[in-house]
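Dumped work-v7.cif below, it's mmCIF, C-alpha atoms:
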data_data
#
loop_
_atom_site.label_atom_id
_atom_site.label_comp_id
_atom_site.auth_asym_id
_atom_site.auth_seq_id
_atom_site.Cartn_x
_atom_site.Cartn_y
_atom_site.Cartn_z
CA VAL A 27 204.00 137.52 110.23
CA LEU A 28 206.77 137.55 112.84
CA LEU A 29 208.15 134.20 114.08
CA TYR A 30 210.09 133.95 117.34
CA ASP A 31 212.32 131.17 116.21
CA ASN A 32 215.35 129.02 116.77
CA PRO A 33 217.09 127.32 113.82
CA VAL A 34 217.58 123.94 115.54
CA SER A 35 214.13 123.67 117.16
CA GLY A 36 211.99 120.98 115.56
CA ASN A 37 208.85 122.75 116.79
CA CYS A 38 209.92 125.94 114.98
CA PHE A 39 210.86 123.91 111.89
CA LYS A 40 207.27 122.64 111.58
CA VAL A 41 206.03 126.21 111.20
CA ARG A 42 208.78 127.17 108.76
CA LEU A 43 208.07 124.06 106.68
CA LEU A 44 204.34 124.74 106.36
CA LEU A 45 204.87 128.45 105.63
CA ALA A 46 207.34 127.44 102.89
CA HIS A 47 204.80 125.04 101.36
CA LEU A 48 202.17 127.79 101.46
CA GLY A 49 204.51 130.49 100.17
CA ILE A 50 203.74 132.78 103.10
CA PRO A 51 206.57 135.23 103.84
CA TYR A 52 207.62 135.83 107.45
CA GLU A 53 210.28 137.48 109.53
CA ARG A 54 212.41 135.37 111.87
CA ARG A 55 213.49 136.62 115.27
CA PHE A 56 216.16 134.51 116.98
CA VAL A 57 215.56 133.22 120.53
CA ASP A 58 218.26 131.26 122.32
CA VAL A 59 217.37 127.71 123.38
CA ILE A 60 220.74 126.88 124.89
CA ASP A 61 221.14 129.70 127.40
CA ARG A 62 218.29 128.87 129.78
CA SER A 63 219.27 131.73 132.08
CA ASP A 64 217.32 133.96 129.67
CA PRO A 65 213.93 134.28 131.39
CA ARG A 66 212.35 135.07 128.01
CA GLU A 67 210.45 138.02 129.33
CA SER A 68 210.34 139.29 125.75
CA LEU A 69 207.84 136.49 125.10
CA ALA A 70 205.82 136.94 128.30
CA SER A 71 203.19 139.28 126.89
CA LEU A 72 202.73 137.06 123.84
CA ASN A 73 202.69 133.55 125.31
CA PRO A 74 202.25 132.69 129.01
CA ALA A 75 204.31 129.53 128.47
CA ARG A 76 207.23 131.63 127.05
CA ALA A 77 208.03 128.77 124.66
CA LEU A 78 209.05 128.58 121.02
CA PRO A 79 207.64 128.95 118.49
CA THR A 80 205.62 132.04 119.26
CA LEU A 81 204.20 133.89 116.27
CA VAL A 82 202.68 137.34 115.89
CA LEU A 83 200.12 137.92 113.15
CA ASP A 84 200.23 141.13 111.14
CA ASP A 85 197.35 142.52 113.23
CA GLY A 86 199.40 141.96 116.41
CA ARG A 87 197.58 138.92 117.76
CA PRO A 88 199.95 136.25 119.13
CA LEU A 89 199.79 132.49 118.58
CA ALA A 90 201.83 129.71 120.17
CA GLU A 91 202.30 125.93 120.18
CA SER A 92 203.68 124.65 116.90
CA ASN A 93 200.81 122.27 116.12
CA ALA A 94 198.16 124.92 116.82
CA ILE A 95 200.00 127.30 114.46
CA LEU A 96 199.95 124.59 111.76
CA TRP A 97 196.14 124.47 112.06
CA TYR A 98 195.87 128.25 111.89
CA PHE A 99 197.70 128.48 108.56
CA GLY A 100 196.77 125.05 107.19
CA GLU A 101 192.99 125.30 107.60
CA GLY A 102 191.29 125.60 104.22
CA THR A 103 194.39 124.44 102.30
CA ARG A 104 195.28 121.02 100.88
CA PHE A 105 197.36 120.35 104.00
CA VAL A 106 194.32 119.89 106.28
CA PRO A 107 191.60 117.35 105.47
CA PHE A 108 187.95 118.41 105.27
CA GLU A 109 186.42 115.19 106.57
CA HIS A 110 185.58 115.20 110.27
CA PHE A 111 187.06 111.82 111.20
CA GLU A 112 190.28 112.52 109.27
CA ARG A 113 190.63 115.90 111.00
CA THR A 114 190.42 114.10 114.33
CA LYS A 115 193.11 111.66 113.21
CA VAL A 116 195.41 114.59 112.38
CA LEU A 117 194.92 115.82 115.95
CA GLN A 118 195.44 112.31 117.34
CA TRP A 119 198.89 112.13 115.73
CA GLN A 120 199.78 115.66 116.79
CA PHE A 121 198.90 115.07 120.45
CA PHE A 122 200.81 111.78 120.33
CA GLU A 123 203.82 113.71 119.05
CA GLN A 124 203.72 116.23 121.90
CA TYR A 125 203.29 113.61 124.60
CA GLU A 126 205.39 110.69 123.32
CA LEU A 127 207.85 111.67 120.59
CA LEU A 128 208.98 115.16 121.58
CA PRO A 129 209.68 114.37 125.27
CA SER A 130 211.82 111.39 124.27
CA ILE A 131 213.56 111.90 120.91
CA GLY A 132 213.26 115.68 121.06
CA ILE A 133 214.79 116.00 124.51
CA ARG A 134 217.45 113.35 123.84
CA ARG A 135 218.45 115.18 120.66
CA TRP A 136 218.73 118.48 122.50
CA LEU A 137 220.81 116.96 125.31
CA VAL A 138 223.34 115.05 123.22
CA THR A 139 223.67 117.40 120.23
CA TYR A 140 222.79 120.94 121.29
CA SER A 141 222.94 121.45 125.07
CA GLY A 142 226.73 121.76 125.19
CA TRP A 143 226.61 120.04 128.56
CA PRO A 144 229.19 117.43 129.59
CA ARG A 145 227.69 113.98 128.99
CA GLU A 146 227.97 112.95 132.63
CA ARG A 147 225.43 115.66 133.52
CA TYR A 148 222.58 113.83 131.78
CA GLU A 149 223.91 110.34 131.01
CA SER A 150 221.83 108.58 133.67
CA ARG A 151 218.63 109.89 132.04
CA LEU A 152 219.45 108.67 128.52
CA PRO A 153 218.21 105.06 128.82
CA GLU A 154 214.71 106.25 129.74
CA TYR A 155 214.64 108.64 126.74
CA THR A 156 215.88 105.83 124.52
CA ARG A 157 213.21 103.45 125.75
CA ARG A 158 210.39 105.97 125.31
CA GLY A 159 211.76 107.12 121.96
CA LYS A 160 211.82 103.58 120.58
CA LYS A 161 208.30 103.00 121.86
CA ALA A 162 207.12 106.15 120.06
CA LEU A 163 208.89 105.11 116.84
CA ALA A 164 207.34 101.65 117.04
CA ALA A 165 203.88 103.25 117.26
CA LEU A 166 204.67 105.53 114.31
CA GLU A 167 205.98 102.55 112.32
CA GLU A 168 202.71 100.71 112.98
CA GLY A 169 200.68 103.78 112.05
CA LEU A 170 202.42 103.92 108.67
CA GLU A 171 201.80 100.26 107.82
CA ASP A 172 200.35 100.05 104.28
CA ARG A 173 200.05 103.83 104.15
CA ASP A 174 201.90 106.56 102.26
CA TRP A 175 200.76 109.31 104.66
CA LEU A 176 199.62 109.40 108.26
CA VAL A 177 196.07 110.55 107.50
CA GLY A 178 194.05 110.05 104.32
CA GLU A 179 195.70 109.78 100.94
CA SER A 180 197.86 112.89 100.89
CA PHE A 181 200.53 114.84 102.72
CA SER A 182 199.04 116.83 105.63
CA ILE A 183 200.08 118.83 108.67
CA ALA A 184 200.09 115.52 110.58
CA ASP A 185 203.07 114.47 108.44
CA ILE A 186 204.78 117.83 109.04
CA THR A 187 204.30 117.45 112.80
CA LEU A 188 205.73 113.92 113.02
CA TYR A 189 208.50 114.62 110.53
CA ALA A 190 210.14 117.39 112.52
CA TYR A 191 211.75 115.34 115.30
CA THR A 192 211.65 111.92 113.63
CA HIS A 193 213.84 113.00 110.71
CA ALA A 194 216.41 114.24 113.25
CA ALA A 195 216.49 111.00 115.26
CA ASN A 196 220.14 110.50 114.29
CA GLU A 197 220.95 113.65 116.29
CA ALA A 198 219.25 111.93 119.22
CA GLU A 199 221.50 108.89 118.61
CA ILE A 200 218.46 106.72 117.89
CA PRO A 201 219.02 104.85 114.61
CA LEU A 202 216.11 104.57 112.19
CA GLU A 203 217.39 101.41 110.48
CA PRO A 204 214.77 99.15 112.14
CA TYR A 205 211.88 101.29 110.89
CA GLU A 206 211.31 100.60 107.23
CA ASN A 207 207.93 102.35 106.95
CA ILE A 208 209.27 105.44 108.69
CA ARG A 209 212.31 105.69 106.43
CA ALA A 210 210.21 105.44 103.25
CA TRP A 211 207.77 108.04 104.62
CA LEU A 212 210.58 110.46 105.56
CA ASP A 213 211.79 110.25 101.96
CA ARG A 214 208.27 110.96 100.69
CA VAL A 215 207.94 114.04 102.91
CA ALA A 216 211.31 115.39 101.78
CA ALA A 217 210.37 114.80 98.12
CA GLU A 218 207.21 116.94 98.31
CA PRO A 219 207.46 120.01 96.04
CA GLY A 220 208.14 123.04 98.22
CA HIS A 221 210.01 121.10 100.91
CA VAL A 222 212.76 122.94 102.80
CA PRO A 223 215.32 121.40 105.15
CA ILE A 224 215.53 122.39 108.83
CA ASP A 225 218.61 124.52 108.22
CA ALA A 226 217.22 126.43 105.23
CA GLU A 227 217.57 130.19 105.24
CA SER A 228 214.11 131.64 104.77
CA VAL B 21 180.42 104.37 121.82
CA LEU B 22 182.88 102.21 123.75
CA LEU B 23 185.47 103.91 125.96
CA TYR B 24 188.61 102.08 127.10
CA ASP B 25 188.89 103.84 130.39
CA ASN B 26 190.44 104.12 133.80
CA PRO B 27 188.57 105.87 136.64
CA VAL B 28 191.58 107.83 137.95
CA SER B 29 193.01 108.92 134.59
CA GLY B 30 192.62 112.64 134.00
CA ASN B 31 192.84 112.06 130.26
CA CYS B 32 189.90 109.64 130.42
CA PHE B 33 188.00 112.04 132.69
CA LYS B 34 188.12 114.74 130.00
CA VAL B 35 186.20 112.46 127.64
CA ARG B 36 183.70 111.39 130.31
CA LEU B 37 183.10 115.04 131.25
CA LEU B 38 182.37 116.18 127.70
CA LEU B 39 180.16 113.17 126.97
CA ALA B 40 178.21 113.95 130.17
CA HIS B 41 177.75 117.59 129.08
CA LEU B 42 176.56 116.40 125.68
CA GLY B 43 174.33 113.65 127.07
CA ILE B 44 175.98 111.01 124.90
CA PRO B 45 175.72 107.50 126.38
CA TYR B 46 178.77 105.25 126.33
CA GLU B 47 180.07 101.99 127.66
CA ARG B 48 183.18 101.95 129.87
CA ARG B 49 185.76 99.19 129.63
CA PHE B 50 188.32 99.16 132.44
CA VAL B 51 192.04 99.18 131.61
CA ASP B 52 194.63 98.99 134.39
CA VAL B 53 197.06 101.93 134.64
CA ILE B 54 198.93 100.64 137.68
CA ASP B 55 200.03 97.24 136.43
CA ARG B 56 202.39 98.26 133.64
CA SER B 57 203.31 94.65 132.98
CA ASP B 58 200.10 94.52 130.93
CA PRO B 59 201.36 95.03 127.39
CA ARG B 60 197.90 96.29 126.41
CA GLU B 61 197.75 94.17 123.33
CA SER B 62 193.98 94.47 123.55
CA LEU B 63 194.45 98.08 122.44
CA ALA B 64 197.06 97.41 119.76
CA SER B 65 194.67 97.09 116.84
CA LEU B 66 192.83 100.26 117.90
CA ASN B 67 195.67 102.61 118.84
CA PRO B 68 199.35 102.15 117.96
CA ALA B 69 200.30 104.09 121.10
CA ARG B 70 198.27 101.63 123.27
CA ALA B 71 197.35 104.53 125.56
CA LEU B 72 194.18 105.62 127.34
CA PRO B 73 191.67 106.84 126.50
CA THR B 74 190.97 104.85 123.35
CA LEU B 75 187.42 105.03 122.04
CA VAL B 76 185.53 102.98 119.48
CA LEU B 77 182.70 104.60 117.54
CA ASP B 78 179.51 102.65 116.89
CA ASP B 79 180.69 101.98 113.32
CA GLY B 80 183.88 100.37 114.69
CA ARG B 81 186.33 103.16 113.87
CA PRO B 82 188.80 103.84 116.71
CA LEU B 83 189.92 107.21 118.07
CA ALA B 84 192.62 108.06 120.59
CA GLU B 85 194.26 110.97 122.41
CA SER B 86 191.91 112.65 124.85
CA ASN B 87 192.09 116.12 123.30
CA ALA B 88 191.48 114.81 119.79
CA ILE B 89 188.43 112.94 121.07
CA LEU B 90 187.12 116.19 122.61
CA TRP B 91 187.29 117.80 119.15
CA TYR B 92 185.52 114.86 117.56
CA PHE B 93 182.49 115.12 119.83
CA GLY B 94 182.67 118.85 120.56
CA GLU B 95 182.77 120.12 116.97
CA GLY B 96 179.51 121.84 116.06
CA THR B 97 178.38 122.18 119.70
CA ARG B 98 178.60 125.13 122.09
CA PHE B 99 181.80 123.66 123.53
CA VAL B 100 183.92 124.49 120.45
CA PRO B 101 184.16 128.05 119.12
CA PHE B 102 183.37 128.81 115.47
CA GLU B 103 185.83 131.65 114.98
CA HIS B 104 189.15 130.62 113.41
CA PHE B 105 191.49 132.44 115.81
CA GLU B 106 189.59 131.20 118.88
CA ARG B 107 189.73 127.63 117.58
CA THR B 108 193.50 127.96 117.30
CA LYS B 109 193.64 129.25 120.90
CA VAL B 110 191.75 126.15 122.07
CA LEU B 111 194.43 124.03 120.40
CA GLN B 112 197.19 126.19 121.86
CA TRP B 113 195.97 125.46 125.40
CA GLN B 114 195.46 121.78 124.66
CA PHE B 115 198.98 121.28 123.29
CA PHE B 116 200.35 123.24 126.25
CA GLU B 117 198.52 120.84 128.54
CA GLN B 118 200.02 117.75 126.91
CA TYR B 119 203.55 119.10 126.89
CA GLU B 120 203.72 121.07 130.16
CA LEU B 121 200.95 120.23 132.60
CA LEU B 122 200.41 116.49 132.12
CA PRO B 123 204.12 115.48 132.24
CA SER B 124 204.58 117.41 135.50
CA ILE B 125 201.40 117.48 137.60
CA GLY B 126 199.91 114.43 135.90
CA ILE B 127 202.96 112.24 136.41
CA ARG B 128 203.60 113.56 139.95
CA ARG B 129 199.98 112.78 140.87
CA TRP B 130 200.27 109.26 139.50
CA LEU B 131 203.54 108.59 141.32
CA VAL B 132 202.57 109.87 144.78
CA THR B 133 198.89 108.88 144.84
CA TYR B 134 198.31 105.93 142.50
CA SER B 135 201.51 104.06 141.64
CA GLY B 136 201.66 102.15 144.92
CA TRP B 137 205.44 102.38 144.72
CA PRO B 138 207.59 103.07 147.79
CA ARG B 139 208.44 106.77 147.83
CA GLU B 140 212.20 106.16 147.66
CA ARG B 141 211.74 104.67 144.19
CA TYR B 142 210.81 108.05 142.66
CA GLU B 143 211.65 110.64 145.32
CA SER B 144 214.72 112.00 143.50
CA ARG B 145 212.56 112.89 140.49
CA LEU B 146 209.92 114.84 142.45
CA PRO B 147 211.68 118.24 142.61
CA GLU B 148 211.85 118.40 138.80
CA TYR B 149 208.13 117.57 138.51
CA THR B 150 207.34 120.17 141.16
CA ARG B 151 209.36 122.83 139.36
CA ARG B 152 207.77 122.12 135.98
CA GLY B 153 204.31 121.82 137.53
CA LYS B 154 204.56 125.22 139.18
CA LYS B 155 205.81 126.74 135.94
CA ALA B 156 202.79 125.29 134.12
CA LEU B 157 200.40 126.57 136.80
CA ALA B 158 201.99 130.04 136.62
CA ALA B 159 201.35 130.11 132.86
CA LEU B 160 197.76 128.98 133.36
CA GLU B 161 197.27 131.61 136.08
CA GLU B 162 198.50 134.29 133.67
CA GLY B 163 196.28 132.95 130.91
CA LEU B 164 193.24 133.33 133.16
CA GLU B 165 194.00 136.94 134.14
CA ASP B 166 190.83 139.04 133.65
CA ARG B 167 189.10 136.08 132.02
CA ASP B 168 186.31 133.75 133.09
CA TRP B 169 187.23 131.07 130.53
CA LEU B 170 190.42 130.15 128.68
CA VAL B 171 189.09 131.00 125.22
CA GLY B 172 186.35 133.45 124.27
CA GLU B 173 183.47 134.21 126.60
CA SER B 174 182.21 130.75 127.41
CA PHE B 175 183.13 127.33 128.72
CA SER B 176 184.85 125.25 126.00
CA ILE B 177 186.79 122.02 125.53
CA ALA B 178 189.93 124.05 126.35
CA ASP B 179 188.57 124.42 129.89
CA ILE B 180 187.76 120.71 130.07
CA THR B 181 191.30 119.84 128.97
CA LEU B 182 193.06 122.05 131.50
CA TYR B 183 190.62 121.24 134.30
CA ALA B 184 191.32 117.50 134.32
CA TYR B 185 194.77 117.48 135.92
CA THR B 186 194.72 120.97 137.46
CA HIS B 187 191.72 120.21 139.67
CA ALA B 188 193.60 117.17 140.99
CA ALA B 189 196.80 119.06 141.82
CA ASN B 190 196.30 118.27 145.52
CA GLU B 191 196.80 114.58 144.64
CA ALA B 192 200.11 115.65 143.11
CA GLU B 193 200.94 117.44 146.40
CA ILE B 194 201.08 120.78 144.60
CA PRO B 195 198.94 123.30 146.52
CA LEU B 196 196.74 125.67 144.51
CA GLU B 197 196.59 128.38 147.21
CA PRO B 198 198.95 130.76 145.33
CA TYR B 199 196.79 130.67 142.19
CA GLU B 200 193.73 132.84 142.72
CA ASN B 201 192.60 132.92 139.08
CA ILE B 202 192.91 129.16 138.78
CA ARG B 203 190.90 128.50 141.93
CA ALA B 204 188.03 130.76 140.82
CA TRP B 205 188.06 129.16 137.36
CA LEU B 206 188.00 125.60 138.79
CA ASP B 207 184.89 126.60 140.73
CA ARG B 208 183.28 127.97 137.57
CA VAL B 209 183.97 124.75 135.66
CA ALA B 210 182.52 122.61 138.45
CA ALA B 211 179.42 124.86 138.62
CA GLU B 212 178.54 124.36 134.93
CA PRO B 213 175.21 122.56 134.51
CA GLY B 214 175.91 118.97 133.54
CA HIS B 215 179.25 118.78 135.35
CA VAL B 216 180.29 115.41 136.75
CA PRO B 217 183.17 114.69 139.13
CA ILE B 218 186.08 112.44 138.15
CA ASP B 219 184.75 109.58 140.27
CA ALA B 220 181.17 109.69 138.97
CA GLU B 221 179.61 106.43 137.87
CA SER B 222 178.41 106.88 134.32
#
Go through the file and emit its structure as structure tokens.
Amino acid sequence: VLLYDNPVSGNCFKVRLLLAHLGIPYERRFVDVIDRSDPRESLASLNPARALPTLVLDDGRPLAESNAILWYFGEGTRFVPFEHFERTKVLQWQFFEQYELLPSIGIRRWLVTYSGWPRERYESRLPEYTRRGKKALAALEEGLEDRDWLVGESFSIADITLYAYTHAANEAEIPLEPYENIRAWLDRVAAEPGHVPIDAES
Amino acid sequence: VLLYDNPVSGNCFKVRLLLAHLGIPYERRFVDVIDRSDPRESLASLNPARALPTLVLDDGRPLAESNAILWYFGEGTRFVPFEHFERTKVLQWQFFEQYELLPSIGIRRWLVTYSGWPRERYESRLPEYTRRGKKALAALEEGLEDRDWLVGESFSIADITLYAYTHAANEAEIPLEPYENIRAWLDRVAAEPGHVPIDAES
């Protein structure tokens, strides 16, 4: 398995985290996420969206979109539920993540911590990202009420998906102090046997 | 089945379109998407994100996120492939839609056609939505090269997902003339037996 990857990307981290839990070896190929002048034509034949992560199976077939890749490798393992309604709930949380959490906390994190841009270039956009990010965290906090895990009774790819950007909210300058359920759940995810941090060498 | 719904929402339309293809009856309950002062507390107990569509099964269990709902009802029917790699490709297109197509064409369509706001309120943001929308359409156009359908050899929930906002690109003021593959594919989707338009009464 070959992973087109960037070390700071939360979307890439999801894939690395699941592959670590599963003990699946892979090769990492670095793609820049700061220099946007790179048209990423190296990815064009593999993924029309030219986004990270993009992954190439050993037989040459390409896959993309972090949450879809989690399903590809997670299916049939203890990280994906068997029951139909629970499987739908995993998807519900993953689509929520792509539409609510990533475009707020994920983008804010990239701008303030990784873009290298002067703050005045994006400062006027920050309040909107803050507002949407807090709304997403409030929904996640509610979803974790009286629960150890997002879906069912055990750690699943839904937890991996939501963990990736939530655990890095400090890099987005959004404090997690108000979110008691989220903080306890982040600790549970990180305590799972086989866990690796975002900056782990593979 | 009870669907919390709005007639102009592309996300709600996806669910209505699949339910029409499957011949599953449902009740529609109107939720305003223009008046954002509505805190949507009616949805709070059903969906922490308080977003549309939210659906309640006959046994009272709630589901949310349009693409997750498509999986719930599509699984086991001819609209969802059986083969593992093809299933992952369906997800790949659906996550692409939520992260690339909906936040550009979907939001631009809402602003210019449905928000009721004076244009000067959002005009400065339009070029960014146009740029991202065209990038998303270019990826979709590439994905449809030499293909009748997005995944495999037949119409699937991936096509339903991408159809919803793409077919309404004119309401986002993004012309589809440059996208030959997309235009032919939109016609194929609309020609499927059982198709209903976005403004159909159910």
Chain B residues near chain A within 7 Å, closest pair each, using only C-alpha atoms, as CSV:
residue,atom,partner,partner_atom,distance
B:Pro68,CA,A:Ala165,CA,4.7
B:Ala69,CA,A:Ala165,CA,5.3
B:Ala84,CA,A:Gln118,CA,6.0
B:Glu85,CA,A:Gln118,CA,5.4
B:Ala88,CA,A:Leu117,CA,5.3
B:Trp91,CA,A:Thr114,CA,6.8
B:Tyr92,CA,A:Thr114,CA,5.9
B:Thr108,CA,A:Ala94,CA,5.6
B:Leu111,CA,A:Ala94,CA,5.2
B:Gln112,CA,A:Ala94,CA,5.3
B:Phe115,CA,A:Glu91,CA,6.5
B:Phe116,CA,A:Glu91,CA,6.9
B:Gln118,CA,A:Tyr125,CA,5.8
B:Tyr119,CA,A:Gln124,CA,5.8
B:Ala159,CA,A:Pro74,CA,4.7
B:Glu162,CA,A:Pro74,CA,6.2
B:Gly163,CA,A:Pro74,CA,6.3
With C-alpha atoms retained, export the selected residues as a tab-separated table (two decimals), in the coordinates of the input.
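Listed below is the output, out.tsv:
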chain	number	residue	atom	x	y	z
B	68	PRO	CA	199.35	102.15	117.96
B	69	ALA	CA	200.30	104.09	121.10
B	84	ALA	CA	192.62	108.06	120.59
B	85	GLU	CA	194.26	110.97	122.41
B	88	ALA	CA	191.48	114.81	119.79
B	91	TRP	CA	187.29	117.80	119.15
B	92	TYR	CA	185.52	114.86	117.56
B	108	THR	CA	193.50	127.96	117.30
B	111	LEU	CA	194.43	124.03	120.40
B	112	GLN	CA	197.19	126.19	121.86
B	115	PHE	CA	198.98	121.28	123.29
B	116	PHE	CA	200.35	123.24	126.25
B	118	GLN	CA	200.02	117.75	126.91
B	119	TYR	CA	203.55	119.10	126.89
B	159	ALA	CA	201.35	130.11	132.86
B	162	GLU	CA	198.50	134.29	133.67
B	163	GLY	CA	196.28	132.95	130.91
**OP:** Tell me, as a list in words, which residues lie within 10 Å of Ile127 in chain B, counting all atoms listed in the file; anything in the same chain fewer than 4 positions away does not count.
**Re:**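 That gives Leu121, Leu122, Pro123, Leu131, Val132, Thr133, Tyr134, Ser135, Leu146, Tyr149, Gly153, Tyr185 and Ala192 of chain B.
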**OP:** Please provide the set of residues having any atom within 7 Å of Phe50 in chain B, restricted to only C-alpha atoms, with same-chain residues fewer than 4 positions apart removed, written as a count of residues only.
**Re:** 3
**OP:** Record the distance separating CA of Glu200 in chain B and CA of Ser144 in chain B, expressed in Å with one decimal.
**Re:**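 One can read the CA of Glu200 in chain B to CA of Ser144 in chain B distance as 29.6 Å.
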Original post:
Could you work out how far CA of His41 in chain B lies from CA of Leu77 in chain B, giving the answer in Å with one decimal?
Top reply: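 Computed distance, CA of Leu77 in chain B to CA of His41 in chain B, equals 18.1 Å.
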Original post:
Interatomic distance between CA of Phe102 in chain B and CA of Phe175 in chain B?
Top reply: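 For CA of Phe102 in chain B relative to CA of Phe175 in chain B, the distance reads 13.3 Å.
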Subject >> Result set, the PyMOL selection byres ((chain A and resi 36) around 6) on current file, as a list of chain:residue names >> reply: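 Going through the file, the PyMOL selection byres ((chain A and resi 36) around 6) ends up selecting A:Ser35, A:Asn37, A:Cys38, A:Phe39, A:Ala190, A:Tyr191.
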**OP:** Using all atoms listed in the file, find the one residue out of A:Arg55, A:Arg147, A:Arg173, A:Arg134 that sits nearest to Lys160 in chain A.
**Re:**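 Comparing A:Arg55, A:Arg147, A:Arg173, A:Arg134 against Lys160 in chain A, the winner is A:Arg134.
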Original post:
What residues come out when you apply the PyMOL selection byres ((chain A and resi 174) around 12) to this file, written as a VMD selection string?
Top reply: chain A and resid 167 169 to 173 175 to 182 185 207 to 215
Original post:
Care to translate the PyMOL selection byres ((chain B and resi 37) around 8) into actual residues of this file, as a list in words?
Top reply: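 That selection, the PyMOL selection byres ((chain B and resi 37) around 8), comes back as Phe33, Lys34, Val35, Arg36, Leu38, Leu39, Ala40, His41, Ile180, His215, Val216, Pro217 and Ile218 of chain B.
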